[in-house]
Amino acid sequence: MPKPHASGGRRRRNRGPQVRKNERIRAREVRLIGKDGSQIGVVSRDEALQAAKKMGLDLVEISASARPPVCRILDFGKYMYEQSKRQKENKAKASSSSKIKEVKFRVRIEEHDYHTKLRRGEAFLYKGSKLKLSLMFRGRENEHKELGVEVIKRAAQDLSHVGSADSEPRLVGRHVNMVMSPLPMSRRQLKYNEPLDAEAEDEDEDDEE
């Protein structure tokens, strides 16, 4: 039979660093920040705690590694909500920027379809995703691969207002590919989409091959 765990069979989950507040703050002195963000200075923990309670707020340790630790007078519940919201936003941004979206072209693509592809590519880059421009040669198109390369180069140029090519187009077998990275947000501009249209674009293209 397995031996019971030393702590009664239950293992504590690692929930990450805990934020200390009020009486849980251990330091005798803290560098206090007021509820309005003003720098009050170094005071005793008890003095800082008393000031927070007078306002009906909490004393929260926001920088435990500082000497003395930095504490602020604020609404603890609201503070944790904002921290959680900020972490989710950062996670969403990181996920969006790390995923590569793809737009597929054809050698003899019609202008209408070409501009539809540009709108999708522009939306992906505008929202911060990397973009893969790809094209597959069919039948006799393999004899004139330079035409496919030109299509990809043209698309990269037409999307230069939202992204830049990581490298020249790459020929691999029957495919030619190029990856683009979004420009800094302050330099991205919409040319083929309205702002709401760009926000709506979110899925990769279905496999057309």
# chains A, B, ... in the order shown; residues from 1 in each chain; ligands from 1
$ residues_around --residues "Leu133 (chain A)" --least-positions-apart "2" --cutoff "12 Å" --atoms "only C-alpha atoms" --output "number ranges by chain"
A: 100-106, 114, 117-118, 120-122, 124-125, 130-131, 135-136, 148-157, 159, 163-170, 175-181, 204-205
$ residues_around --residues "Asn22 (chain A)" --least-positions-apart "3" --cutoff "12 Å" --atoms "only C-alpha atoms" --output "PyMOL selection string"
chain A and resi 19+25-27+30+45-53+56-62+71-76
$ write_last_selection --atoms "N, CA and C atoms" --output "PDB file, in the first residue's frame"
ATOM      1  N   VAL A  19       0.230  37.979  -2.441  1.00  0.00           N
ATOM      2  CA  VAL A  19       0.319  39.402  -2.136  1.00  0.00           C
ATOM      3  C   VAL A  19      -0.050  39.600  -0.668  1.00  0.00           C
ATOM      4  N   ILE A  25       1.659  41.820   6.471  1.00  0.00           N
ATOM      5  CA  ILE A  25       2.924  42.460   6.098  1.00  0.00           C
ATOM      6  C   ILE A  25       3.891  42.346   7.286  1.00  0.00           C
ATOM      7  N   ARG A  26       5.066  41.809   7.039  1.00  0.00           N
ATOM      8  CA  ARG A  26       5.979  41.465   8.127  1.00  0.00           C
ATOM      9  C   ARG A  26       6.960  42.571   8.492  1.00  0.00           C
ATOM     10  N   ALA A  27       7.290  43.415   7.548  1.00  0.00           N
ATOM     11  CA  ALA A  27       8.318  44.433   7.790  1.00  0.00           C
ATOM     12  C   ALA A  27       7.884  45.421   8.869  1.00  0.00           C
ATOM     13  N   VAL A  30       7.937  50.475   6.235  1.00  0.00           N
ATOM     14  CA  VAL A  30       7.575  50.360   4.820  1.00  0.00           C
ATOM     15  C   VAL A  30       7.708  51.723   4.155  1.00  0.00           C
ATOM     16  N   ARG A  45       5.163  50.132   9.923  1.00  0.00           N
ATOM     17  CA  ARG A  45       4.041  49.388   9.357  1.00  0.00           C
ATOM     18  C   ARG A  45       2.745  49.723  10.074  1.00  0.00           C
ATOM     19  N   ASP A  46       2.826  49.847  11.411  1.00  0.00           N
ATOM     20  CA  ASP A  46       1.617  50.127  12.184  1.00  0.00           C
ATOM     21  C   ASP A  46       1.026  51.489  11.828  1.00  0.00           C
ATOM     22  N   GLU A  47       1.905  52.469  11.597  1.00  0.00           N
ATOM     23  CA  GLU A  47       1.437  53.800  11.223  1.00  0.00           C
ATOM     24  C   GLU A  47       0.764  53.760   9.851  1.00  0.00           C
ATOM     25  N   ALA A  48       1.376  53.017   8.918  1.00  0.00           N
ATOM     26  CA  ALA A  48       0.805  52.902   7.574  1.00  0.00           C
ATOM     27  C   ALA A  48      -0.530  52.160   7.626  1.00  0.00           C
ATOM     28  N   LEU A  49      -0.598  51.110   8.446  1.00  0.00           N
ATOM     29  CA  LEU A  49      -1.828  50.332   8.567  1.00  0.00           C
ATOM     30  C   LEU A  49      -2.950  51.172   9.165  1.00  0.00           C
ATOM     31  N   GLN A  50      -2.611  51.989  10.137  1.00  0.00           N
ATOM     32  CA  GLN A  50      -3.605  52.857  10.766  1.00  0.00           C
ATOM     33  C   GLN A  50      -4.149  53.870   9.762  1.00  0.00           C
ATOM     34  N   ALA A  51      -3.261  54.414   8.925  1.00  0.00           N
ATOM     35  CA  ALA A  51      -3.693  55.386   7.913  1.00  0.00           C
ATOM     36  C   ALA A  51      -4.649  54.744   6.913  1.00  0.00           C
ATOM     37  N   ALA A  52      -4.350  53.482   6.515  1.00  0.00           N
ATOM     38  CA  ALA A  52      -5.211  52.784   5.562  1.00  0.00           C
ATOM     39  C   ALA A  52      -6.592  52.526   6.155  1.00  0.00           C
ATOM     40  N   LYS A  53      -6.620  52.100   7.421  1.00  0.00           N
ATOM     41  CA  LYS A  53      -7.893  51.783   8.062  1.00  0.00           C
ATOM     42  C   LYS A  53      -8.766  53.020   8.239  1.00  0.00           C
ATOM     43  N   GLY A  56     -10.731  53.412   5.285  1.00  0.00           N
ATOM     44  CA  GLY A  56     -11.565  52.282   4.916  1.00  0.00           C
ATOM     45  C   GLY A  56     -10.972  51.460   3.790  1.00  0.00           C
ATOM     46  N   LEU A  57      -9.630  51.519   3.653  1.00  0.00           N
ATOM     47  CA  LEU A  57      -8.937  50.806   2.581  1.00  0.00           C
ATOM     48  C   LEU A  57      -7.941  49.810   3.172  1.00  0.00           C
ATOM     49  N   ASP A  58      -7.134  49.202   2.294  1.00  0.00           N
ATOM     50  CA  ASP A  58      -6.149  48.202   2.719  1.00  0.00           C
ATOM     51  C   ASP A  58      -4.737  48.725   2.512  1.00  0.00           C
ATOM     52  N   LEU A  59      -3.824  48.169   3.287  1.00  0.00           N
ATOM     53  CA  LEU A  59      -2.396  48.410   3.082  1.00  0.00           C
ATOM     54  C   LEU A  59      -1.860  47.202   2.337  1.00  0.00           C
ATOM     55  N   VAL A  60      -1.371  47.393   1.113  1.00  0.00           N
ATOM     56  CA  VAL A  60      -0.969  46.284   0.250  1.00  0.00           C
ATOM     57  C   VAL A  60       0.516  46.405  -0.099  1.00  0.00           C
ATOM     58  N   GLU A  61       1.225  45.300   0.045  1.00  0.00           N
ATOM     59  CA  GLU A  61       2.657  45.249  -0.274  1.00  0.00           C
ATOM     60  C   GLU A  61       2.794  45.035  -1.783  1.00  0.00           C
ATOM     61  N   ILE A  62       3.269  46.048  -2.484  1.00  0.00           N
ATOM     62  CA  ILE A  62       3.350  45.945  -3.947  1.00  0.00           C
ATOM     63  C   ILE A  62       4.760  45.671  -4.445  1.00  0.00           C
ATOM     64  N   CYS A  71       4.694  49.706   0.065  1.00  0.00           N
ATOM     65  CA  CYS A  71       3.281  49.408   0.305  1.00  0.00           C
ATOM     66  C   CYS A  71       2.431  50.585  -0.160  1.00  0.00           C
ATOM     67  N   ARG A  72       1.212  50.252  -0.526  1.00  0.00           N
ATOM     68  CA  ARG A  72       0.314  51.309  -1.007  1.00  0.00           C
ATOM     69  C   ARG A  72      -1.062  51.158  -0.368  1.00  0.00           C
ATOM     70  N   ILE A  73      -1.691  52.282  -0.113  1.00  0.00           N
ATOM     71  CA  ILE A  73      -3.051  52.292   0.415  1.00  0.00           C
ATOM     72  C   ILE A  73      -4.022  52.215  -0.759  1.00  0.00           C
ATOM     73  N   LEU A  74      -4.849  51.155  -0.786  1.00  0.00           N
ATOM     74  CA  LEU A  74      -5.780  50.988  -1.906  1.00  0.00           C
ATOM     75  C   LEU A  74      -6.873  49.990  -1.545  1.00  0.00           C
ATOM     76  N   ASP A  75      -7.796  49.813  -2.489  1.00  0.00           N
ATOM     77  CA  ASP A  75      -8.856  48.818  -2.354  1.00  0.00           C
ATOM     78  C   ASP A  75      -8.299  47.490  -2.845  1.00  0.00           C
ATOM     79  N   PHE A  76      -8.086  46.528  -1.944  1.00  0.00           N
ATOM     80  CA  PHE A  76      -7.415  45.279  -2.303  1.00  0.00           C
ATOM     81  C   PHE A  76      -8.199  44.492  -3.357  1.00  0.00           C
TER      82      PHE A  76
END
$ closest_residue --among "A:Val107, A:Asp158, A:Gly41, A:Pro68" --to "Ser134 (chain A)" --atoms "only C-alpha atoms"
A:Val107
$ select_by_dssp --residues "region 54-157 of chain A" --states "helix (DSSP H, G or I)" --output "VMD selection string"
chain A and resid 54 76 to 98 111 to 126 139 to 157
$ atom_distance --atom1 "CA of Arg28 (chain A)" --atom2 "CA of Gln83 (chain A)"
26.1 Å
